[in-house]
Every structure is written in structure tokens, then in C-alpha cells.
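See below for coords-v6.csv, which holds CSV, C-alpha atoms and all ligand atoms.
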```
chain,number,residue,atom,x,y,z
T,1,MET,CA,154.1,-31.9,-39.2
T,2,LYS,CA,154.7,-28.1,-39.0
T,3,ILE,CA,152.6,-26.0,-41.4
T,4,THR,CA,153.5,-22.3,-41.9
T,5,TYR,CA,151.3,-20.0,-44.0
T,6,ASN,CA,152.8,-17.5,-46.4
T,7,GLY,CA,149.6,-16.0,-47.7
T,8,HIS,CA,147.7,-17.0,-50.9
T,9,SER,CA,148.2,-20.7,-51.4
T,10,CYS,CA,151.8,-20.9,-50.3
T,11,PHE,CA,152.6,-23.1,-47.3
T,12,LEU,CA,155.8,-24.4,-45.8
T,13,ILE,CA,155.6,-28.0,-44.6
T,14,GLU,CA,158.2,-29.4,-42.3
T,15,GLY,CA,158.4,-33.0,-41.3
T,16,ASP,CA,161.1,-34.7,-39.2
T,17,LYS,CA,163.5,-34.9,-42.1
T,18,LYS,CA,162.7,-32.5,-44.8
T,19,LYS,CA,161.3,-29.0,-45.6
T,20,ILE,CA,158.8,-28.6,-48.5
T,21,ILE,CA,157.2,-25.5,-49.9
T,22,ILE,CA,153.9,-25.7,-51.8
T,23,ASP,CA,153.2,-23.1,-54.5
T,24,PRO,CA,156.1,-20.7,-53.7
T,25,PHE,CA,154.5,-17.4,-54.6
T,26,LEU,CA,156.9,-15.0,-52.8
T,27,SER,CA,158.1,-12.0,-54.9
T,28,GLY,CA,154.7,-11.1,-56.4
T,29,ASN,CA,152.7,-11.9,-53.3
T,30,PRO,CA,151.7,-8.8,-51.3
T,31,ASN,CA,151.3,-11.0,-48.2
T,32,ASN,CA,154.6,-12.7,-48.5
T,33,VAL,CA,156.7,-13.0,-45.3
T,34,ILE,CA,159.5,-15.2,-46.6
T,35,LYS,CA,162.8,-13.8,-47.7
T,36,LEU,CA,163.7,-15.7,-50.9
T,37,GLU,CA,167.4,-15.5,-50.2
T,38,ASP,CA,167.1,-16.9,-46.7
T,39,LEU,CA,164.7,-19.8,-47.6
T,40,LYS,CA,166.2,-23.3,-47.5
T,41,VAL,CA,163.9,-26.1,-48.8
T,42,ASP,CA,164.4,-29.6,-49.9
T,43,TYR,CA,161.4,-29.9,-52.2
T,44,ILE,CA,159.0,-27.5,-54.0
T,45,VAL,CA,155.6,-28.7,-54.9
T,46,VAL,CA,153.7,-26.9,-57.7
T,47,THR,CA,149.9,-27.5,-58.1
T,48,HIS,CA,149.6,-25.8,-61.5
T,49,GLY,CA,151.2,-23.4,-63.9
T,50,HIS,CA,149.6,-20.1,-63.0
T,51,SER,CA,152.1,-17.4,-61.9
T,52,ASP,CA,150.5,-17.1,-58.4
T,53,HIS,CA,151.5,-20.8,-57.8
T,54,ILE,CA,154.6,-21.5,-59.8
T,55,GLY,CA,155.8,-18.2,-58.4
T,56,ASP,CA,159.5,-18.1,-57.6
T,57,THR,CA,160.0,-21.9,-58.3
T,58,ILE,CA,162.8,-21.5,-60.8
T,59,GLU,CA,165.0,-19.2,-58.8
T,60,LEU,CA,164.3,-21.1,-55.5
T,61,ALA,CA,165.0,-24.5,-57.1
T,62,GLN,CA,168.3,-23.3,-58.7
T,63,LYS,CA,169.4,-21.6,-55.5
T,64,ASN,CA,168.6,-24.6,-53.2
T,65,ASN,CA,169.5,-27.3,-55.8
T,66,CYS,CA,166.3,-28.9,-54.6
T,67,THR,CA,163.7,-31.0,-56.5
T,68,VAL,CA,160.4,-29.7,-57.9
T,69,ILE,CA,157.5,-32.0,-57.8
T,70,SER,CA,154.7,-31.3,-60.3
T,71,ASN,CA,152.8,-32.7,-63.2
T,72,TYR,CA,154.6,-34.0,-66.2
T,73,GLU,CA,154.1,-30.9,-68.4
T,74,ILE,CA,155.2,-28.4,-65.7
T,75,SER,CA,158.2,-30.7,-64.9
T,76,LYS,CA,159.2,-30.7,-68.6
T,77,PHE,CA,159.0,-26.9,-68.7
T,78,LEU,CA,161.1,-26.5,-65.5
T,79,SER,CA,163.8,-28.9,-66.6
T,80,GLY,CA,164.5,-26.5,-69.4
T,81,PHE,CA,165.8,-24.1,-66.7
T,82,LYS,CA,168.3,-26.6,-65.3
T,83,VAL,CA,165.9,-27.4,-62.4
T,84,ASN,CA,165.8,-30.9,-60.8
T,85,VAL,CA,162.3,-32.3,-61.3
T,86,HIS,CA,160.2,-35.2,-60.2
T,87,PRO,CA,157.3,-35.5,-62.7
T,88,MET,CA,154.1,-37.1,-61.6
T,89,HIS,CA,150.5,-37.1,-62.7
T,90,ILE,CA,147.0,-37.0,-61.4
T,91,GLY,CA,146.1,-40.1,-59.5
T,92,GLY,CA,149.7,-41.1,-59.0
T,93,GLY,CA,151.5,-41.1,-55.7
T,94,HIS,CA,155.1,-41.6,-54.7
T,95,THR,CA,157.1,-42.2,-51.6
T,96,PHE,CA,159.7,-39.5,-51.1
T,97,GLU,CA,162.2,-39.0,-48.3
T,98,PHE,CA,159.7,-36.9,-46.4
T,99,GLY,CA,156.6,-39.1,-46.9
T,100,TYR,CA,154.0,-40.0,-49.5
T,101,LEU,CA,152.7,-37.5,-51.9
T,102,LYS,CA,149.8,-38.0,-54.3
T,103,LEU,CA,148.5,-35.7,-57.0
T,104,VAL,CA,144.7,-35.6,-57.1
T,105,PRO,CA,142.3,-33.8,-59.5
T,106,ALA,CA,141.5,-30.1,-59.4
T,107,ILE,CA,139.2,-28.3,-61.8
T,108,HIS,CA,141.0,-25.3,-63.1
T,109,GLY,CA,143.6,-24.2,-65.7
T,110,SER,CA,147.3,-24.7,-65.7
T,111,GLY,CA,148.8,-22.6,-68.5
T,112,ILE,CA,152.3,-21.1,-67.8
T,113,GLU,CA,152.4,-17.4,-68.7
T,114,MET,CA,155.5,-16.7,-70.8
T,115,ALA,CA,157.3,-13.3,-71.1
T,116,ASP,CA,154.8,-12.3,-73.8
T,117,GLU,CA,151.6,-12.3,-71.8
T,118,ASN,CA,149.6,-13.6,-74.7
T,119,VAL,CA,151.6,-16.8,-75.0
T,120,PHE,CA,151.0,-19.7,-72.6
T,121,PHE,CA,153.0,-22.9,-72.2
T,122,GLU,CA,150.7,-25.9,-71.9
T,123,GLY,CA,150.9,-26.7,-68.2
T,124,GLY,CA,149.0,-30.0,-68.2
T,125,HIS,CA,146.2,-30.7,-65.7
T,126,PRO,CA,146.1,-28.8,-62.5
T,127,ALA,CA,146.4,-30.8,-59.3
T,128,GLY,CA,145.5,-30.9,-55.6
T,129,ILE,CA,147.9,-32.6,-53.2
T,130,LEU,CA,147.5,-35.3,-50.7
T,131,LEU,CA,150.5,-35.4,-48.5
T,132,THR,CA,151.1,-38.0,-45.8
T,133,ILE,CA,153.9,-37.3,-43.3
T,134,GLY,CA,154.3,-39.3,-40.1
T,135,GLY,CA,150.8,-40.7,-40.5
T,136,LYS,CA,149.2,-37.3,-40.8
T,137,VAL,CA,147.4,-36.4,-43.9
T,138,LEU,CA,147.3,-32.9,-45.5
T,139,TYR,CA,145.1,-32.0,-48.4
T,140,HIS,CA,146.0,-28.9,-50.4
T,141,ALA,CA,143.2,-28.4,-52.9
T,142,GLY,CA,145.2,-26.2,-55.3
T,143,ASP,CA,143.0,-23.8,-57.3
T,144,THR,CA,139.7,-25.6,-57.9
T,145,SER,CA,136.0,-25.5,-58.2
T,146,LEU,CA,133.9,-27.7,-55.9
T,147,PHE,CA,133.7,-31.2,-57.4
T,148,SER,CA,132.0,-34.2,-56.0
T,149,ASP,CA,135.1,-36.4,-55.8
T,150,MET,CA,135.9,-34.3,-52.7
T,151,LYS,CA,133.2,-36.4,-51.1
T,152,LEU,CA,135.2,-39.5,-52.1
T,153,PHE,CA,138.5,-38.0,-50.6
T,154,GLY,CA,136.5,-37.6,-47.3
T,155,GLU,CA,135.5,-41.3,-47.4
T,156,LEU,CA,138.9,-42.7,-48.6
T,157,TYR,CA,141.3,-40.6,-46.4
T,158,ASP,CA,141.4,-39.6,-42.8
T,159,ILE,CA,142.4,-36.0,-43.6
T,160,ASN,CA,143.9,-34.1,-40.7
T,161,VAL,CA,144.3,-30.8,-42.3
T,162,ALA,CA,142.5,-29.5,-45.4
T,163,LEU,CA,143.6,-26.3,-47.2
T,164,LEU,CA,140.8,-24.9,-49.3
T,165,PRO,CA,140.5,-21.9,-51.6
T,166,ILE,CA,137.7,-19.5,-50.6
T,167,GLY,CA,138.4,-16.5,-52.7
T,168,ASP,CA,135.7,-17.0,-55.4
T,169,ASN,CA,136.1,-15.7,-59.0
T,170,PHE,CA,139.1,-18.0,-59.9
T,171,THR,CA,138.2,-20.8,-57.4
T,172,MET,CA,135.5,-22.0,-55.0
T,173,GLY,CA,133.9,-19.1,-53.1
T,174,PRO,CA,133.0,-19.3,-49.5
T,175,SER,CA,129.7,-21.3,-49.9
T,176,ASP,CA,131.1,-23.9,-52.2
T,177,ALA,CA,134.2,-24.2,-50.0
T,178,GLU,CA,131.9,-24.8,-47.0
T,179,ILE,CA,130.3,-27.7,-48.9
T,180,ALA,CA,133.8,-29.0,-49.7
T,181,ALA,CA,134.7,-28.9,-46.0
T,182,THR,CA,131.7,-30.9,-45.0
T,183,TRP,CA,132.5,-33.5,-47.6
T,184,LEU,CA,136.2,-33.7,-46.7
T,185,LYS,CA,135.6,-33.9,-43.0
T,186,ALA,CA,139.1,-32.9,-42.1
T,187,GLU,CA,140.0,-32.4,-38.4
T,188,LEU,CA,141.0,-28.9,-39.3
T,189,THR,CA,140.2,-26.8,-42.3
T,190,ILE,CA,142.2,-23.7,-43.2
T,191,PRO,CA,141.1,-21.2,-45.9
T,192,MET,CA,143.5,-20.0,-48.6
T,193,HIS,CA,143.6,-18.1,-51.9
T,194,TYR,CA,141.8,-15.0,-50.6
T,195,ASN,CA,142.6,-11.3,-49.8
T,196,THR,CA,145.7,-11.4,-52.0
T,197,PHE,CA,144.1,-9.2,-54.5
T,198,PRO,CA,140.9,-7.1,-54.4
T,199,MET,CA,139.1,-9.5,-56.7
T,200,ILE,CA,139.3,-12.3,-54.1
T,201,GLU,CA,138.6,-10.5,-50.9
T,202,GLN,CA,136.7,-12.6,-48.4
T,203,ASP,CA,135.8,-12.6,-44.7
T,204,ALA,CA,137.8,-15.7,-43.6
T,205,GLU,CA,136.8,-15.3,-39.9
T,206,LEU,CA,133.1,-15.4,-40.9
T,207,TRP,CA,133.8,-18.5,-43.0
T,208,VAL,CA,135.4,-20.3,-40.1
T,209,LYS,CA,132.5,-19.3,-37.9
T,210,ASN,CA,130.1,-20.8,-40.4
T,211,LEU,CA,132.1,-24.0,-40.4
T,212,LYS,CA,131.8,-24.2,-36.6
T,213,LYS,CA,128.0,-24.1,-37.0
T,214,LYS,CA,128.4,-27.4,-38.8
T,215,ASN,CA,130.7,-28.8,-36.1
T,216,LEU,CA,133.7,-28.4,-38.3
T,217,GLU,CA,137.0,-27.1,-36.9
T,218,GLY,CA,138.4,-24.2,-38.9
T,219,LYS,CA,141.2,-21.8,-38.4
T,220,VAL,CA,142.3,-18.6,-40.1
T,221,MET,CA,146.1,-18.4,-40.5
T,222,ASN,CA,147.7,-15.1,-41.0
T,223,PRO,CA,150.9,-15.0,-43.1
T,224,GLY,CA,153.8,-16.1,-40.9
T,225,ASP,CA,151.5,-18.2,-38.6
T,226,PHE,CA,152.3,-21.8,-38.1
T,227,ILE,CA,150.5,-24.8,-36.6
T,228,LEU,CA,151.8,-28.2,-35.4
T,229,ILE,CA,149.9,-31.3,-36.3
T,230,GLU,CA,151.0,-34.2,-34.1
F,1,NI,NI,145.3,-20.7,-60.8
F,2,MN,MN,145.6,-19.0,-58.1
```

Target format C-alpha cells, applied to this file:
Amino acid sequence: MKITYNGHSCFLIEGDKKKIIIDPFLSGNPNNVIKLEDLKVDYIVVTHGHSDHIGDTIELAQKNNCTVISNYEISKFLSGFKVNVHPMHIGGGHTFEFGYLKLVPAIHGSGIEMADENVFFEGGHPAGILLTIGGKVLYHAGDTSLFSDMKLFGELYDINVALLPIGDNFTMGPSDAEIAATWLKAELTIPMHYNTFPMIEQDAELWVKNLKKKNLEGKVMNPGDFILIE
């Protein structure tokens, strides 16, 4: 599995067969390194309806004629834009061409901002993602607070890579994310959802250093960086 970071909570995931993008926040993302017109993906996964996660989903899905995987409400919303969707919901998993994907809980909101900023489309329940490709397990927490079921995920799944928000204000901050990492016990933990805007500025290197003190492997990825999990 190849994992490429695009800043914020946006990751490109490549298995042997297919290319997937999670939370494709490109055009509004100050740390974006992907050219929307050049990007070819087979699937888009959207954790929740907020604009920094749904991002360029509609344009990208139309251009690539690819499938968007998300919760039922977001899928319904997107299908109104002539986008192929695969609706799922929390607790449900499905075997796709690329591997097995399961939506798990996240504690957050999921409203989709409409053109009139005061109007939201009900975006259902926000999700985290457990993605298994070639026997390797990736956990993308989405936007979430710390919650004790993360301890259960750590017991139930051998997580190879955990992607955790550390930005604070809208999601877990560094200290809660550190607790999450100790519960999840991933082989590698990568911080996300920080330094995109002033409100979520964090010292990610320091956070990783603190993980090391607890014998947890962490890594700061800069936008454009990739890692191979084999
Ligand atoms: Ni959000
Ligand atoms: Mn967010």
C-alpha cells in the first residue's frame, strides 16, 4: 500500500489494482500539491460533509467517472450531481475491487454547506475509515474527538497505519490524540488535520517525539510525501 499525503486530511492510497483518494480537499487547501486536472483516481472516500473533507469530490468524480464511497446521506446528496456513489453506513463494511472498507464511528458533525452559507444539507453521521488492502490495515479517523471505542479498535484490529487529527478546536488536540494513539497501537501513527489554518496550528514533530517516549512509532508527513507499507 502506498500512502501519499496532500495536507489536511487528504491522502492518496494506492494498492496493486486501484487508486483511492480520501477527503479530496484540493482547491481550498493551502497545502495542496495535487493538480485536480491531472489526478486520476478509481474511488473517492468522503468521511463527512464538511467542505474541508468533501472538497473537490463532485468535480473529481465527474471528471474521472469514478465511484464515491460515503455514508448514505452524503451519497444521496452527491447522486444529485450525476456522481456514481456507493452508499454505506457506520459499522458496515464492503469488499471493493481494491480491498475491504469499513465505516466506523467518529464524533463530529457532517452538515454539507450549501451556496447560502447559512443552509446545511443534512450529511448524516460522520465516519472514520478502516481500510484493508493486501492484508494491511489503515485507520483514517476522520474528524473526531477522542472516544473510548478507539481502545476497542486497537483490540479488534492489527492496525498498520493510523491517521489521527491533532489540530484541536474542531477535533482532538495533541494530548487527546496521544491517548488515541496509545489505544490504537498502530505500527505507525501519522498526524493530520493541523497547520492548514491558523486555528489548528500544532507542532507535529513535537507530537511525534512524545509518541516515541511511549514507544510508539510516529511520522510527520509533509504534503507530497509518501510511504510504502508492505
Ligand atoms: Ni469536519
Ligand atoms: Mn475538518

Next item on the list: Please provide as a PyMOL selection string all residues within 12 Å of region 92-96 of chain T, with the sequence filter that same-chain residues fewer than 5 positions apart are discarded (counting all atoms listed in the file).
Entry: chain T and resi 15+17-20+42-43+67-72+86-87+101-105+127-133

Next item on the list: Find the residues near ligand NI 1 (chain F). Use a cut-off of 12 Å, count only C-alpha atoms and all ligand atoms, and write them as a PyMOL selection string.
Entry: chain T and resi 8-9+23+25+46-55+106-113+123+125-128+141-145+165+167-172+193

Margin query: What does the structure give for the distance between CA of Lys35 (chain T) and CA of Val161 (chain T), in Å to one decimal?
Written below: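 It comes out at 25.7 Å.
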
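Residue nearest Ile22 (chain T) within the list T:Lys2, T:Lys63, T:His140, T:His89: T:His140 [criterion: smallest interatomic distance, all atoms listed in the file].
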
Next item on the list: Tell me, in Å to one decimal, how far CA of Lys82 (chain T) is from CA of Pro30 (chain T).
Entry: 28.1 Å

Check: What does the distance from CA of Met1 (chain T) to CA of Ile227 (chain T) come to in Å, to one decimal?
Finding: 8.4 Å

Next item on the list: For a cut-off of 10 Å around (133.5, -31.8, -47.2), file coordinates, pick out all residues using only C-alpha atoms and list them as a list in words.
Entry: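 Residues with an atom at most 10 Å from (133.5, -31.8, -47.2): Leu146, Ser148, Asp149, Met150, Lys151, Leu152, Phe153, Gly154, Glu155, Ala162, Asp176, Ala177, Glu178, Ile179, Ala180, Ala181, Thr182, Trp183, Leu184, Lys185, Ala186, Thr189 and Leu216 of chain T.
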
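Of the listed residues T:Leu60, T:Ile90, T:Ile200, T:Leu188, the one whose atoms come nearest to Leu78 (chain T) is T:Leu60, with distances taken using all atoms listed in the file.
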
Margin query: With distances taken over only C-alpha atoms, which residue among T:Phe81, T:Phe197, T:Tyr5, T:Phe120 lies nearest Lys219 (chain T)?
Written below: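 The shortest atom-to-atom distance to Lys219 (chain T) comes from T:Tyr5.
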